[in-house]
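Okay, my_file.cif is below, mmCIF, C-alpha atoms:
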```cif
data_final
#
loop_
_atom_site.label_atom_id
_atom_site.label_comp_id
_atom_site.auth_asym_id
_atom_site.auth_seq_id
_atom_site.Cartn_x
_atom_site.Cartn_y
_atom_site.Cartn_z
CA MET A 1 -30.15 -7.43 23.77
CA LYS A 2 -27.74 -5.84 26.23
CA ILE A 3 -24.16 -4.82 25.38
CA ARG A 4 -21.83 -4.28 28.34
CA ASP A 5 -18.28 -4.68 29.60
CA ALA A 6 -17.42 -8.16 30.81
CA LYS A 7 -16.90 -8.77 34.50
CA LEU A 8 -13.70 -10.29 35.81
CA ASP A 9 -15.45 -13.41 37.11
CA GLU A 10 -16.85 -14.09 33.60
CA LEU A 11 -13.48 -14.40 31.84
CA ASP A 12 -13.14 -18.20 31.98
CA PHE A 13 -16.71 -18.69 30.74
CA ILE A 14 -16.18 -16.22 27.89
CA ARG A 15 -12.94 -17.92 26.80
CA GLU A 16 -14.65 -21.34 26.79
CA GLN A 17 -17.58 -19.91 24.82
CA ARG A 18 -15.16 -18.31 22.36
CA VAL A 19 -13.35 -21.61 21.73
CA ALA A 20 -16.69 -23.40 21.24
CA ALA A 21 -17.78 -20.73 18.74
CA TYR A 22 -14.56 -21.07 16.72
CA ALA A 23 -14.47 -24.90 16.89
CA GLU A 24 -16.49 -25.21 13.67
CA HIS A 25 -13.35 -24.12 11.80
CA SER A 26 -11.18 -26.88 13.28
CA ALA A 27 -12.06 -29.35 10.53
CA ALA A 28 -11.28 -26.87 7.75
CA ILE A 29 -7.71 -26.07 8.80
CA PRO A 30 -4.62 -28.10 9.71
CA ALA A 31 -4.57 -29.38 13.30
CA ALA A 32 -1.49 -27.30 14.17
CA HIS A 33 -3.22 -24.13 12.95
CA TRP A 34 -6.33 -24.94 14.99
CA GLN A 35 -4.18 -25.50 18.09
CA ALA A 36 -2.46 -22.13 17.58
CA LEU A 37 -5.81 -20.39 17.02
CA ARG A 38 -7.32 -22.11 20.05
CA GLN A 39 -4.38 -20.99 22.18
CA ALA A 40 -4.68 -17.39 20.90
CA ILE A 41 -8.40 -17.13 21.61
CA SER A 42 -7.95 -18.77 25.02
CA SER A 43 -5.14 -16.44 26.08
CA GLU A 44 -5.38 -13.68 28.64
CA ALA A 45 -4.83 -11.02 25.95
CA GLU A 46 -7.98 -9.20 27.05
CA ARG A 47 -6.35 -8.46 30.41
CA GLN A 48 -3.72 -6.12 28.92
CA ASP A 49 -3.92 -2.42 29.79
CA GLY A 50 -6.46 -0.54 27.72
CA VAL A 51 -8.02 -3.67 26.21
CA GLU A 52 -11.83 -3.85 26.45
CA LEU A 53 -13.77 -7.11 26.63
CA ILE A 54 -17.36 -6.50 25.58
CA VAL A 55 -20.22 -8.98 25.85
CA CYS A 56 -23.74 -9.29 24.53
CA GLU A 57 -26.49 -10.71 26.71
CA LEU A 58 -29.81 -12.16 25.65
CA ASP A 59 -32.22 -13.11 28.42
CA GLU A 60 -29.47 -12.36 30.96
CA LYS A 61 -27.10 -14.91 29.37
CA ILE A 62 -23.85 -14.07 27.57
CA VAL A 63 -24.24 -15.14 23.95
CA GLY A 64 -21.38 -13.26 22.32
CA SER A 65 -18.21 -11.32 22.99
CA VAL A 66 -15.53 -9.24 21.34
CA VAL A 67 -12.18 -7.82 22.40
CA LEU A 68 -11.25 -4.26 21.43
CA PHE A 69 -7.53 -3.53 21.47
CA PRO A 70 -6.45 0.11 21.68
CA ALA A 71 -4.40 1.74 18.94
CA LYS A 72 -0.66 1.10 18.93
CA THR A 73 -0.99 -2.23 20.71
CA ASP A 74 0.83 -5.42 19.79
CA ALA A 75 -2.42 -7.37 19.41
CA TYR A 76 -0.69 -10.15 17.43
CA GLU A 77 2.51 -10.68 19.40
CA GLY A 78 4.91 -9.18 16.87
CA LYS A 79 3.30 -10.62 13.72
CA VAL A 80 1.87 -7.26 12.64
CA GLU A 81 3.27 -3.78 13.09
CA GLU A 82 1.49 -1.67 15.68
CA LEU A 83 -1.31 0.15 13.91
CA ASP A 84 -2.55 3.64 14.70
CA TYR A 85 -6.16 2.56 15.27
CA PRO A 86 -8.06 0.14 17.51
CA GLU A 87 -8.40 -3.50 16.51
CA ILE A 88 -11.41 -5.78 16.89
CA ARG A 89 -10.35 -9.28 17.91
CA MET A 90 -11.92 -12.56 18.89
CA LEU A 91 -15.49 -11.76 17.88
CA ALA A 92 -17.56 -14.79 18.86
CA VAL A 93 -21.27 -15.60 18.95
CA THR A 94 -22.69 -18.90 20.13
CA PRO A 95 -23.80 -20.98 17.12
CA GLU A 96 -27.40 -21.19 18.34
CA ASN A 97 -27.63 -17.38 18.54
CA ARG A 98 -26.20 -16.48 15.14
CA GLY A 99 -28.34 -14.53 12.72
CA LYS A 100 -29.86 -12.37 15.46
CA GLY A 101 -27.68 -9.29 14.95
CA ILE A 102 -25.39 -10.00 17.91
CA ALA A 103 -22.12 -9.79 15.97
CA SER A 104 -23.31 -6.58 14.29
CA ALA A 105 -24.24 -5.09 17.67
CA LEU A 106 -20.79 -5.94 19.06
CA ILE A 107 -19.07 -4.45 16.01
CA ALA A 108 -21.22 -1.31 16.31
CA GLU A 109 -20.22 -0.97 19.96
CA CYS A 110 -16.53 -1.23 19.05
CA ILE A 111 -17.03 1.45 16.39
CA ARG A 112 -18.92 3.68 18.85
CA ARG A 113 -16.18 3.38 21.47
CA SER A 114 -13.44 4.05 18.92
CA LYS A 115 -15.24 7.13 17.57
CA ALA A 116 -15.66 8.40 21.14
CA LYS A 117 -11.86 8.31 21.45
CA ASN A 118 -11.54 10.30 18.22
CA HIS A 119 -10.08 7.51 16.11
CA LYS A 120 -10.52 7.81 12.36
CA PHE A 121 -10.28 4.07 11.69
CA ILE A 122 -10.95 0.71 13.29
CA GLY A 123 -9.37 -2.51 12.06
CA LEU A 124 -9.34 -6.26 12.45
CA HIS A 125 -7.70 -9.41 11.18
CA THR A 126 -9.48 -12.66 10.35
CA GLY A 127 -8.46 -15.99 8.89
CA GLU A 128 -9.15 -16.43 5.20
CA PHE A 129 -11.15 -19.56 6.07
CA MET A 130 -13.67 -17.52 8.10
CA LYS A 131 -15.89 -16.78 5.10
CA GLN A 132 -18.99 -15.71 7.07
CA ALA A 133 -16.95 -13.33 9.21
CA ILE A 134 -15.40 -11.75 6.11
CA GLN A 135 -18.89 -11.32 4.61
CA LEU A 136 -20.07 -9.66 7.81
CA TYR A 137 -17.12 -7.27 7.97
CA THR A 138 -17.41 -6.25 4.32
CA LYS A 139 -21.17 -5.74 4.80
CA HIS A 140 -20.23 -3.24 7.54
CA GLY A 141 -17.91 -1.44 5.11
CA PHE A 142 -14.53 -2.85 6.17
CA GLU A 143 -12.00 -2.89 3.34
CA HIS A 144 -9.24 -5.46 2.88
CA LEU A 145 -5.72 -4.08 3.40
CA PRO A 146 -3.44 -6.81 1.99
CA GLN A 147 -0.28 -4.97 3.09
CA TYR A 148 -1.17 -5.92 6.70
CA ASP A 149 -2.03 -9.57 5.99
CA PHE A 150 0.19 -12.18 7.60
CA VAL A 151 0.72 -15.95 7.75
CA PRO A 152 1.00 -16.90 11.44
CA ALA A 153 2.01 -20.53 10.88
CA ASP A 154 4.04 -22.21 8.20
CA ASP A 155 0.90 -23.61 6.56
CA GLY A 156 0.01 -20.99 3.95
CA ILE A 157 -3.16 -19.83 5.72
CA VAL A 158 -3.45 -16.07 5.45
CA VAL A 159 -4.83 -13.89 8.20
CA LYS A 160 -6.39 -10.98 6.34
CA ALA A 161 -6.39 -7.36 7.51
CA PHE A 162 -9.45 -5.12 7.25
CA ARG A 163 -10.05 -1.50 8.14
CA LEU A 164 -13.05 0.81 8.32
CA GLY A 165 -13.02 4.60 8.23
CA ILE A 166 -15.20 5.89 11.08
#
```

So that I can check it, write out the structure of this file as structure tokens.
Amino acid sequence: MKIRDAKLDELDFIREQRVAAYAEHSAAIPAAHWQALRQAISSEAERQDGVELIVCELDEKIVGSVVLFPAKTDAYEGKVEELDYPEIRMLAVTPENRGKGIASALIAECIRRSKAKNHKFIGLHTGEFMKQAIQLYTKHGFEHLPQYDFVPADDGIVVKAFRLGI
């Protein structure tokens, strides 16, 4: 397993892989919510200043990725106040490679990088319908911060906020 920064010429592939990894949720949420989520995870958000796109390779193939937004960044386009710690976004692992520790390795790398910049916390938001992701984050010690939850669409689906002291 190799964790590294993504290369510019890999961005389209990573976005397509990310959408494919999230597609399993499309049947569990309203079509409009899936379209908004698909657009968000396909965006060029990882190209903003200070944003890090990190990948995991197995056998020289990218099998997972995560985006680490710096503190005080508008990672959610005005839906959440700017927080004073980095945010993990768009964590994705190919379905056939789940259960191999890839997501945990990507989370650990985000934590390591945030600690190296002397941050005391790292956060993330995830849809309430992403039950496995929530289990993973709580297993890593992330705590739910309901005051930073938000509803991005008018469909009642809550995007939950989590934070970890590091």

**Study point:** Residue IDs satisfying the PyMOL selection byres ((chain A and resi 14) around 12), as a ChimeraX atom specification
**Key:** /A:5-13,15-21,41-44,46,53-57,61-67,90-94

**Study point:** Residues near A:Arg89, cut-off 12 Å, only C-alpha atoms, skip fewer than 4 positions along chain, as JSON, numbers by chain
**Key:** {"A": [18, 40, 41, 45, 46, 51, 52, 53, 54, 65, 66, 67, 68, 69, 70, 74, 75, 76, 103, 106, 107, 110, 122, 123, 124, 125, 126, 127, 133, 161, 162]}

May I have the centre and edge lengths, in Å to one decimal, of an axis-aligned box around the listed atoms of stretch 134-147 of chain A with 8 Å added to every side, as AutoDock Vina command-line options?
```
--center_x -10.7 --center_y -6.6 --center_z 5.0 --size_x 36.9 --size_y 26.3 --size_z 22.0
```

Exercise for review: List the residues selected by the PyMOL selection byres ((chain A and resi 1) around 8) in the file shown, writing them as a list of chain:residue names.
Suggested key: A:Lys2, A:Ile3, A:Cys56, A:Glu57, A:Leu58, A:Asp59, A:Ile102

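In this structure, atom CA of A:Gln132 sits 20.9 Å away from atom CA of A:Gln35.
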
Practice item. Just give me the gap between atom CA of A:Leu136 and atom CA of A:Glu109 in Å, one decimal is fine. Key: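 Here the two named atoms are 14.9 Å from each other.
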